[in-house]
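Written out below as structure tokens is the structure these notes cover.
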Amino acid sequence: MHFDVIVIGGGSIGLATAYELGKSNAKTLVLEQYAFLNQKGSSAGQSRQFRIPYPEDYMVHMAVEALPCWRTLESSTGRSLLQTVGTLWFGDPGVHSTEGNIAGAKEALKKEKVAFSPLSSGDVESKFNFTNLPGPYEGLYQADGASIDLALTLELLLKLNRESPSVSLEENSPVLKIDNTPNSPIKVYTKQAVYTCDKLVVTPGPYINNILDMLGFQIAVTYWEMSSAYFKKTDPNIDYPTWFVFQNADGENGNQFYGFPESPWDHPGYIRVCPDFVIKPLDSPDHRTDKPNARELSYTTQWIKSHMKGLDPTPAFTSTCLIALSTLSKKELVLDFAPPKIPNHENIIVYGTGWAAKFIPLLGKILMQLAIKGHTDYNIQPFQLGYKYFRVY
Ligand SMILES: Cc1cc2nc3c(=O)[nH]c(=O)nc-3n(C[C@H](O)[C@H](O)[C@H](O)COP(=O)(O)OP(=O)(O)OC[C@H]3O[C@@H](n4cnc5c(N)ncnc54)[C@H](O)[C@@H]3O)c2cc1C
């Protein structure tokens with residue numbers, strides 16, 4: 001069967017892309033290797049942080065552009081998807097993590113004219129329920145930060161796609177082979193069928209290089225199997241915004257943490273606090289264990305004991321989630337056509353890596369535009385790799 005566009009991967013970004021393609025009446029097929037709404041990709045779990053602070057002004061700009069896309073999705077579905085509680089960043093302003101850096105973020109926010117409040121260590125303690133912070137710590141609070149109801153976002157995108165006359169959805173359909181012979185439609189093979197398409201959008205999350213291997217190139221990534229935990233509230237009056245602490249690496253790098261407010265849709269009565277590091281990155285998604293790392297959780301418990309009020313520091317619920325992170329400097333997200341040496345490269349669009357839940361509806365729109373028009377209204381130049389960075393065989 002022939003489609004205008006085939007999307008490989010039915011996670012949050014693939015479903016958002018298909019939704020936008022459906023709105024443009026493009027005949028679209030989404031191929032998902034597991035069941036839709038599976039918990040095996042990077043969109044597992046209930047919540048994610050929406051935040052605007054980034055040390056790169058183009059990332060701030062992109063987060064600002066994503067916000068109206070979220071509002072449009074909320075009004076199209078009649079459901080609230082962002083619990084707006086603000087973003088709190090605090091810690092050592094000189095520390096750089098995969099999330100960014102406080103000093104750089106303050107500069108980028110100023111440059112992009114995004115309002116925020118600078119905070120001292122004492123402000124963070126008096127306004128946000130943290131304790132025993134080192135005196136030289138600094139912080140910032142940005143009011144648009146939110147907890148994203150990720151599970152509902154996926155459910156609604158799936159529903160909208162099911163209702164679209166232009167979108168077909170195939171689950172339990174792993175893509176096994178791609179034939180991108182020049183000057184002919186692209187052929188995509190699953191166990192059940194062979195499909196053809198004019199344009200291919202590749203959004204397979206942590207399995208990105210498995211698909212790119214089929215096309216003859218790769219991107220440089222590392223794989224993090226991230227631990228996550230929920231802690232029971234012992235004081236019902238205490239709550240937190242979405243937050244992130246930047247601290248110097250200690251021993252096994254066990255010093256970066258982030259957390260969420262209590263959410264009615266995510267373990268009510270509990271608060272999620274997570275390590276933002278992994279003790280041992282993986283070389284392949286096949287090496288995942290599905291077990292939270294005990295030492296990562298014990299660092300988290302220690303952080304809560306020392307610095308957070310109103311929580312029982314014993315993890316009550318735990319899980320893991322796998323993500324591919326780009327190892328290329330300043331390329332958190334990879335978003336581009338396949339490199340020019342690859343046959344049919346102008347018809348193959350690749351998205352992968354990075355903390356992208358905050359960009360779901362915006363990336364859907366960008367990928368749709370790239371597939372349909374061959375270009376996008378948004379500036380994706382900072383995320384493009386071209387032949388320079390892709391490893392072509
Ligand atoms: C613990 C954790 C915390 C995070 N926190 C944040 C945050 O606070 N803020 C933020 O903005 N982002 C965050 N992120 C990142 C964000 O969740 C991801 O960027 C986003 O969910 C990626 O969605 P995706 O659709 O690209 O990938 P996925 O959700 O992984 O979807 C890819 C899909 O492709 C399918 N697939 C793969 N290979 C094949 C194949 N061969 N054939 C068919 N289908 C295939 C997979 O089964 C999967 O369903 C976090 C990620 C993790 C893991």
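Residues in the structure tokens are numbered from 1 in each chain, the chains being A, B, ... in the order shown, and ligands are numbered from 1 in the order shown.
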task = Do a neighbour search on A:Ala44 at 12 Å with only C-alpha atoms, toss out local chain neighbours closer than 4 positions, and write the hits as an NGL selection string.
result = :A and (11-12 or 36-40 or 48 or 149-154 or 205-206 or 225-228 or 290 or 319-323 or 357)
Using N, CA, C and O atoms, can you export the residues from the last selection as a tab-separated table (two decimals), in the first residue's frame?
```tsv
chain	number	residue	atom	x	y	z
A	11	GLY	N	5.77	6.95	19.25
A	11	GLY	CA	5.87	7.60	20.56
A	11	GLY	C	5.28	9.00	20.47
A	11	GLY	O	4.52	9.31	19.54
A	12	SER	N	5.63	9.86	21.41
A	12	SER	CA	5.00	11.18	21.47
A	12	SER	C	5.30	12.01	20.21
A	12	SER	O	4.40	12.65	19.67
A	36	PHE	N	0.76	0.77	20.87
A	36	PHE	CA	0.78	2.20	21.15
A	36	PHE	C	0.67	2.40	22.66
A	36	PHE	O	0.10	1.58	23.37
A	37	LEU	N	1.20	3.49	23.16
A	37	LEU	CA	1.22	3.84	24.59
A	37	LEU	C	2.08	2.85	25.38
A	37	LEU	O	1.88	2.68	26.58
A	38	ASN	N	3.03	2.20	24.70
A	38	ASN	CA	3.90	1.26	25.42
A	38	ASN	C	4.82	2.03	26.37
A	38	ASN	O	4.99	3.24	26.26
A	39	GLN	N	5.41	1.31	27.30
A	39	GLN	CA	6.28	1.93	28.31
A	39	GLN	C	7.75	1.60	28.04
A	39	GLN	O	8.57	1.62	28.94
A	40	LYS	N	8.07	1.27	26.80
A	40	LYS	CA	9.44	0.82	26.50
A	40	LYS	C	10.30	1.89	25.86
A	40	LYS	O	11.51	1.70	25.68
A	48	ARG	N	6.45	15.05	32.58
A	48	ARG	CA	7.72	15.63	32.13
A	48	ARG	C	7.70	17.11	32.47
A	48	ARG	O	6.64	17.69	32.67
A	149	ASP	N	1.37	16.63	31.50
A	149	ASP	CA	0.67	15.36	31.66
A	149	ASP	C	0.97	14.53	30.39
A	149	ASP	O	0.23	14.56	29.42
A	150	LEU	N	2.11	13.84	30.43
A	150	LEU	CA	2.61	13.16	29.23
A	150	LEU	C	1.71	12.01	28.82
A	150	LEU	O	1.42	11.81	27.63
A	151	ALA	N	1.24	11.24	29.81
A	151	ALA	CA	0.42	10.07	29.47
A	151	ALA	C	-0.86	10.53	28.77
A	151	ALA	O	-1.29	9.94	27.76
A	152	LEU	N	-1.48	11.61	29.28
A	152	LEU	CA	-2.71	12.11	28.65
A	152	LEU	C	-2.40	12.67	27.25
A	152	LEU	O	-3.19	12.50	26.31
A	153	THR	N	-1.25	13.34	27.12
A	153	THR	CA	-0.87	13.89	25.81
A	153	THR	C	-0.81	12.78	24.77
A	153	THR	O	-1.37	12.89	23.66
A	154	LEU	N	-0.17	11.66	25.14
A	154	LEU	CA	-0.06	10.54	24.20
A	154	LEU	C	-1.43	9.95	23.89
A	154	LEU	O	-1.75	9.67	22.73
A	205	GLY	N	12.85	7.22	18.75
A	205	GLY	CA	13.30	7.40	20.13
A	205	GLY	C	14.66	6.79	20.37
A	205	GLY	O	15.60	6.97	19.58
A	206	PRO	N	14.82	6.00	21.47
A	206	PRO	CA	16.14	5.47	21.79
A	206	PRO	C	16.65	4.44	20.77
A	206	PRO	O	17.81	4.05	20.82
A	225	GLU	N	19.67	4.76	30.84
A	225	GLU	CA	18.48	4.13	31.43
A	225	GLU	C	18.26	4.84	32.76
A	225	GLU	O	18.95	4.59	33.74
A	226	MET	N	17.30	5.76	32.77
A	226	MET	CA	17.17	6.68	33.91
A	226	MET	C	16.23	6.13	34.98
A	226	MET	O	15.16	5.60	34.67
A	227	SER	N	16.64	6.30	36.23
A	227	SER	CA	15.80	5.86	37.35
A	227	SER	C	14.87	6.99	37.75
A	227	SER	O	15.22	8.17	37.62
A	228	SER	N	13.72	6.59	38.27
A	228	SER	CA	12.73	7.59	38.68
A	228	SER	C	12.03	7.08	39.94
A	228	SER	O	11.87	5.87	40.09
A	290	ASP	N	15.76	-2.57	32.89
A	290	ASP	CA	14.42	-2.28	33.42
A	290	ASP	C	14.40	-2.20	34.94
A	290	ASP	O	13.33	-2.19	35.54
A	319	SER	N	10.72	3.39	38.74
A	319	SER	CA	10.65	2.90	37.36
A	319	SER	C	11.92	3.32	36.63
A	319	SER	O	12.75	4.05	37.20
A	320	THR	N	12.04	2.87	35.39
A	320	THR	CA	13.14	3.35	34.55
A	320	THR	C	12.59	3.80	33.21
A	320	THR	O	11.48	3.43	32.83
A	321	CYS	N	13.39	4.60	32.52
A	321	CYS	CA	13.01	5.06	31.18
A	321	CYS	C	14.30	5.25	30.38
A	321	CYS	O	15.29	5.76	30.91
A	322	LEU	N	14.28	4.82	29.15
A	322	LEU	CA	15.49	4.82	28.33
A	322	LEU	C	15.49	6.02	27.37
A	322	LEU	O	14.47	6.30	26.74
A	323	ILE	N	16.63	6.68	27.28
A	323	ILE	CA	16.72	7.80	26.33
A	323	ILE	C	18.07	7.78	25.62
A	323	ILE	O	19.09	7.40	26.22
A	357	ALA	N	10.22	16.31	25.37
A	357	ALA	CA	8.79	16.26	25.67
A	357	ALA	C	8.19	17.66	25.61
A	357	ALA	O	7.06	17.84	25.15
```
Query raised in the report: So which residues are near ligand 1, meaning at most 6 Å away with only C-alpha atoms and all ligand atoms counted, given back as JSON, numbers by chain?
Result: {"A": [8, 9, 10, 11, 12, 13, 14, 31, 32, 33, 34, 41, 42, 43, 48, 49, 50, 173, 174, 175, 203, 204, 205, 206, 207, 211, 226, 321, 322, 323, 352, 354, 355, 356, 357, 358]}
Put those residues in a file: C-alpha atoms, as a PDB file, in the first residue's frame.
```pdb
ATOM      1  CA  ILE A   8       8.516   5.150  11.954  1.00  0.00           C
ATOM      2  CA  GLY A   9       7.849   5.179  15.711  1.00  0.00           C
ATOM      3  CA  GLY A  10       4.559   5.866  17.444  1.00  0.00           C
ATOM      4  CA  GLY A  11       5.865   7.599  20.564  1.00  0.00           C
ATOM      5  CA  SER A  12       5.001  11.183  21.471  1.00  0.00           C
ATOM      6  CA  ILE A  13       6.870  12.814  18.586  1.00  0.00           C
ATOM      7  CA  GLY A  14       5.710  10.312  15.947  1.00  0.00           C
ATOM      8  CA  LEU A  31       4.425   2.048  12.253  1.00  0.00           C
ATOM      9  CA  GLU A  32       5.018   1.179  15.914  1.00  0.00           C
ATOM     10  CA  GLN A  33       7.053  -1.854  16.904  1.00  0.00           C
ATOM     11  CA  TYR A  34       5.143  -2.457  20.170  1.00  0.00           C
ATOM     12  CA  GLY A  41      10.458   4.057  24.795  1.00  0.00           C
ATOM     13  CA  SER A  42      11.477   7.515  25.987  1.00  0.00           C
ATOM     14  CA  SER A  43       7.860   8.591  26.502  1.00  0.00           C
ATOM     15  CA  ARG A  48       7.720  15.626  32.125  1.00  0.00           C
ATOM     16  CA  GLN A  49       8.945  19.160  32.730  1.00  0.00           C
ATOM     17  CA  PHE A  50       8.060  22.023  30.422  1.00  0.00           C
ATOM     18  CA  SER A 173       4.776  -3.696  13.422  1.00  0.00           C
ATOM     19  CA  PRO A 174       8.528  -3.351  13.845  1.00  0.00           C
ATOM     20  CA  VAL A 175      10.249  -1.917  10.803  1.00  0.00           C
ATOM     21  CA  THR A 203      11.106   9.118  15.088  1.00  0.00           C
ATOM     22  CA  PRO A 204      12.126   5.865  16.840  1.00  0.00           C
ATOM     23  CA  GLY A 205      13.295   7.403  20.133  1.00  0.00           C
ATOM     24  CA  PRO A 206      16.140   5.466  21.786  1.00  0.00           C
ATOM     25  CA  TYR A 207      16.175   3.022  18.851  1.00  0.00           C
ATOM     26  CA  ILE A 211      16.643   2.550  11.963  1.00  0.00           C
ATOM     27  CA  MET A 226      17.170   6.680  33.908  1.00  0.00           C
ATOM     28  CA  CYS A 321      13.011   5.056  31.177  1.00  0.00           C
ATOM     29  CA  LEU A 322      15.493   4.825  28.325  1.00  0.00           C
ATOM     30  CA  ILE A 323      16.721   7.802  26.325  1.00  0.00           C
ATOM     31  CA  GLY A 352      16.181  12.014  17.614  1.00  0.00           C
ATOM     32  CA  GLY A 354      17.422  15.112  23.782  1.00  0.00           C
ATOM     33  CA  TRP A 355      14.867  16.276  26.340  1.00  0.00           C
ATOM     34  CA  ALA A 356      12.079  16.842  23.838  1.00  0.00           C
ATOM     35  CA  ALA A 357       8.791  16.263  25.666  1.00  0.00           C
ATOM     36  CA  LYS A 358       8.408  20.039  26.069  1.00  0.00           C
TER      37      LYS A 358
END
```
- Task: Would you please work out which residue, of A:Asp266, A:Asp92, A:Glu20, A:Glu112, is nearest to A:Met62 when using only C-alpha atoms?
- Result: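 Nearest candidate to A:Met62 out of A:Asp266, A:Asp92, A:Glu20, A:Glu112: A:Glu112.
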Next item on the list: Would you please extract all helix (DSSP H, G or I) residues from stretch 68-215 of chain A, as assigned by DSSP on the backbone, and give them as a ChimeraX atom specification?
Entry: /A:68-77,102-111,121-128,150-163,205-215
- Item | Exercise: A:Ile52 partners within 9 Å, only C-alpha atoms, chain neighbours under 5 positions left out, as a PyMOL selection string | chain A and resi 59-64+87+109+114+142+144-145
Any chance you could export the current selection's N, CA and C atoms as a PDB file, in the first residue's frame?
```
ATOM      1  N   MET A  59      17.478  27.603  22.125  1.00  0.00           N
ATOM      2  CA  MET A  59      16.635  26.640  22.854  1.00  0.00           C
ATOM      3  C   MET A  59      15.533  27.386  23.624  1.00  0.00           C
ATOM      4  N   VAL A  60      15.904  28.536  24.224  1.00  0.00           N
ATOM      5  CA  VAL A  60      14.894  29.371  24.897  1.00  0.00           C
ATOM      6  C   VAL A  60      13.820  29.750  23.885  1.00  0.00           C
ATOM      7  N   HIS A  61      14.279  30.188  22.715  1.00  0.00           N
ATOM      8  CA  HIS A  61      13.370  30.621  21.663  1.00  0.00           C
ATOM      9  C   HIS A  61      12.405  29.491  21.283  1.00  0.00           C
ATOM     10  N   MET A  62      12.962  28.292  21.157  1.00  0.00           N
ATOM     11  CA  MET A  62      12.144  27.144  20.743  1.00  0.00           C
ATOM     12  C   MET A  62      11.120  26.791  21.833  1.00  0.00           C
ATOM     13  N   ALA A  63      11.534  26.869  23.110  1.00  0.00           N
ATOM     14  CA  ALA A  63      10.590  26.566  24.196  1.00  0.00           C
ATOM     15  C   ALA A  63       9.467  27.607  24.217  1.00  0.00           C
ATOM     16  N   VAL A  64       9.826  28.872  23.958  1.00  0.00           N
ATOM     17  CA  VAL A  64       8.796  29.932  23.897  1.00  0.00           C
ATOM     18  C   VAL A  64       7.831  29.623  22.756  1.00  0.00           C
ATOM     19  N   THR A  87       9.176  27.070  36.877  1.00  0.00           N
ATOM     20  CA  THR A  87      10.442  26.335  36.860  1.00  0.00           C
ATOM     21  C   THR A  87      11.377  26.964  37.874  1.00  0.00           C
ATOM     22  N   LEU A 109      17.865  33.991  28.833  1.00  0.00           N
ATOM     23  CA  LEU A 109      16.499  34.473  29.105  1.00  0.00           C
ATOM     24  C   LEU A 109      16.428  35.979  28.898  1.00  0.00           C
ATOM     25  N   VAL A 114      12.643  36.979  28.172  1.00  0.00           N
ATOM     26  CA  VAL A 114      11.714  36.131  28.932  1.00  0.00           C
ATOM     27  C   VAL A 114      11.846  36.516  30.406  1.00  0.00           C
ATOM     28  N   GLN A 142      11.169  30.843  36.833  1.00  0.00           N
ATOM     29  CA  GLN A 142      10.517  31.276  35.589  1.00  0.00           C
ATOM     30  C   GLN A 142       9.086  30.748  35.631  1.00  0.00           C
ATOM     31  N   ASP A 144       6.490  30.306  33.651  1.00  0.00           N
ATOM     32  CA  ASP A 144       5.764  29.473  32.671  1.00  0.00           C
ATOM     33  C   ASP A 144       6.054  27.982  32.800  1.00  0.00           C
ATOM     34  N   GLY A 145       7.019  27.614  33.648  1.00  0.00           N
ATOM     35  CA  GLY A 145       7.369  26.204  33.791  1.00  0.00           C
ATOM     36  C   GLY A 145       6.166  25.376  34.241  1.00  0.00           C
TER      37      GLY A 145
END
```
Practice task
Quick one: everything within 8 Å of A:Tyr19, counting only C-alpha atoms, minus sequence neighbours fewer than 4 positions away in the same chain. Send it as a list in words.
Solution key: Leu15, Lys23, Leu157, Leu160, Asn161, Ser164, Val167 and Gly364 of chain A
Write the residues of the preceding selection, restricted to N, CA and C atoms, as a PDB file, in the first residue's frame.
```pdb
ATOM      1  N   LEU A  15       3.537  10.441  17.034  1.00  0.00           N
ATOM      2  CA  LEU A  15       2.079  10.653  17.047  1.00  0.00           C
ATOM      3  C   LEU A  15       1.740  12.124  16.796  1.00  0.00           C
ATOM      4  N   LYS A  23      -3.958  16.562   9.730  1.00  0.00           N
ATOM      5  CA  LYS A  23      -4.655  17.853   9.574  1.00  0.00           C
ATOM      6  C   LYS A  23      -4.393  18.440   8.189  1.00  0.00           C
ATOM      7  N   LEU A 157      -3.304  12.312  21.558  1.00  0.00           N
ATOM      8  CA  LEU A 157      -2.751  12.310  20.197  1.00  0.00           C
ATOM      9  C   LEU A 157      -3.144  11.026  19.469  1.00  0.00           C
ATOM     10  N   LEU A 160      -6.808  11.372  18.485  1.00  0.00           N
ATOM     11  CA  LEU A 160      -6.978  12.282  17.343  1.00  0.00           C
ATOM     12  C   LEU A 160      -6.541  11.596  16.046  1.00  0.00           C
ATOM     13  N   ASN A 161      -5.460  10.823  16.110  1.00  0.00           N
ATOM     14  CA  ASN A 161      -5.001  10.107  14.916  1.00  0.00           C
ATOM     15  C   ASN A 161      -6.001   9.023  14.506  1.00  0.00           C
ATOM     16  N   SER A 164      -8.729  10.525  12.593  1.00  0.00           N
ATOM     17  CA  SER A 164      -8.389  11.199  11.333  1.00  0.00           C
ATOM     18  C   SER A 164      -8.588  10.251  10.148  1.00  0.00           C
ATOM     19  N   VAL A 167      -5.079   9.198   8.539  1.00  0.00           N
ATOM     20  CA  VAL A 167      -3.981   8.534   9.261  1.00  0.00           C
ATOM     21  C   VAL A 167      -4.309   7.066   9.510  1.00  0.00           C
ATOM     22  N   GLY A 364       6.011  18.136  16.165  1.00  0.00           N
ATOM     23  CA  GLY A 364       5.020  17.543  15.255  1.00  0.00           C
ATOM     24  C   GLY A 364       4.808  18.451  14.047  1.00  0.00           C
TER      25      GLY A 364
END
```
- Would you return as an NGL selection string the members of stretch 114-343 of chain A that DSSP assigns to strand (DSSP E or B) on this structure's backbone? :A and (117-120 or 130 or 138-142 or 146-149 or 167-170 or 175-179 or 186-190 or 194-202 or 217-218 or 221-233 or 242-246 or 257-259 or 263 or 266 or 270-275 or 282 or 308 or 311 or 317-326 or 334-337)
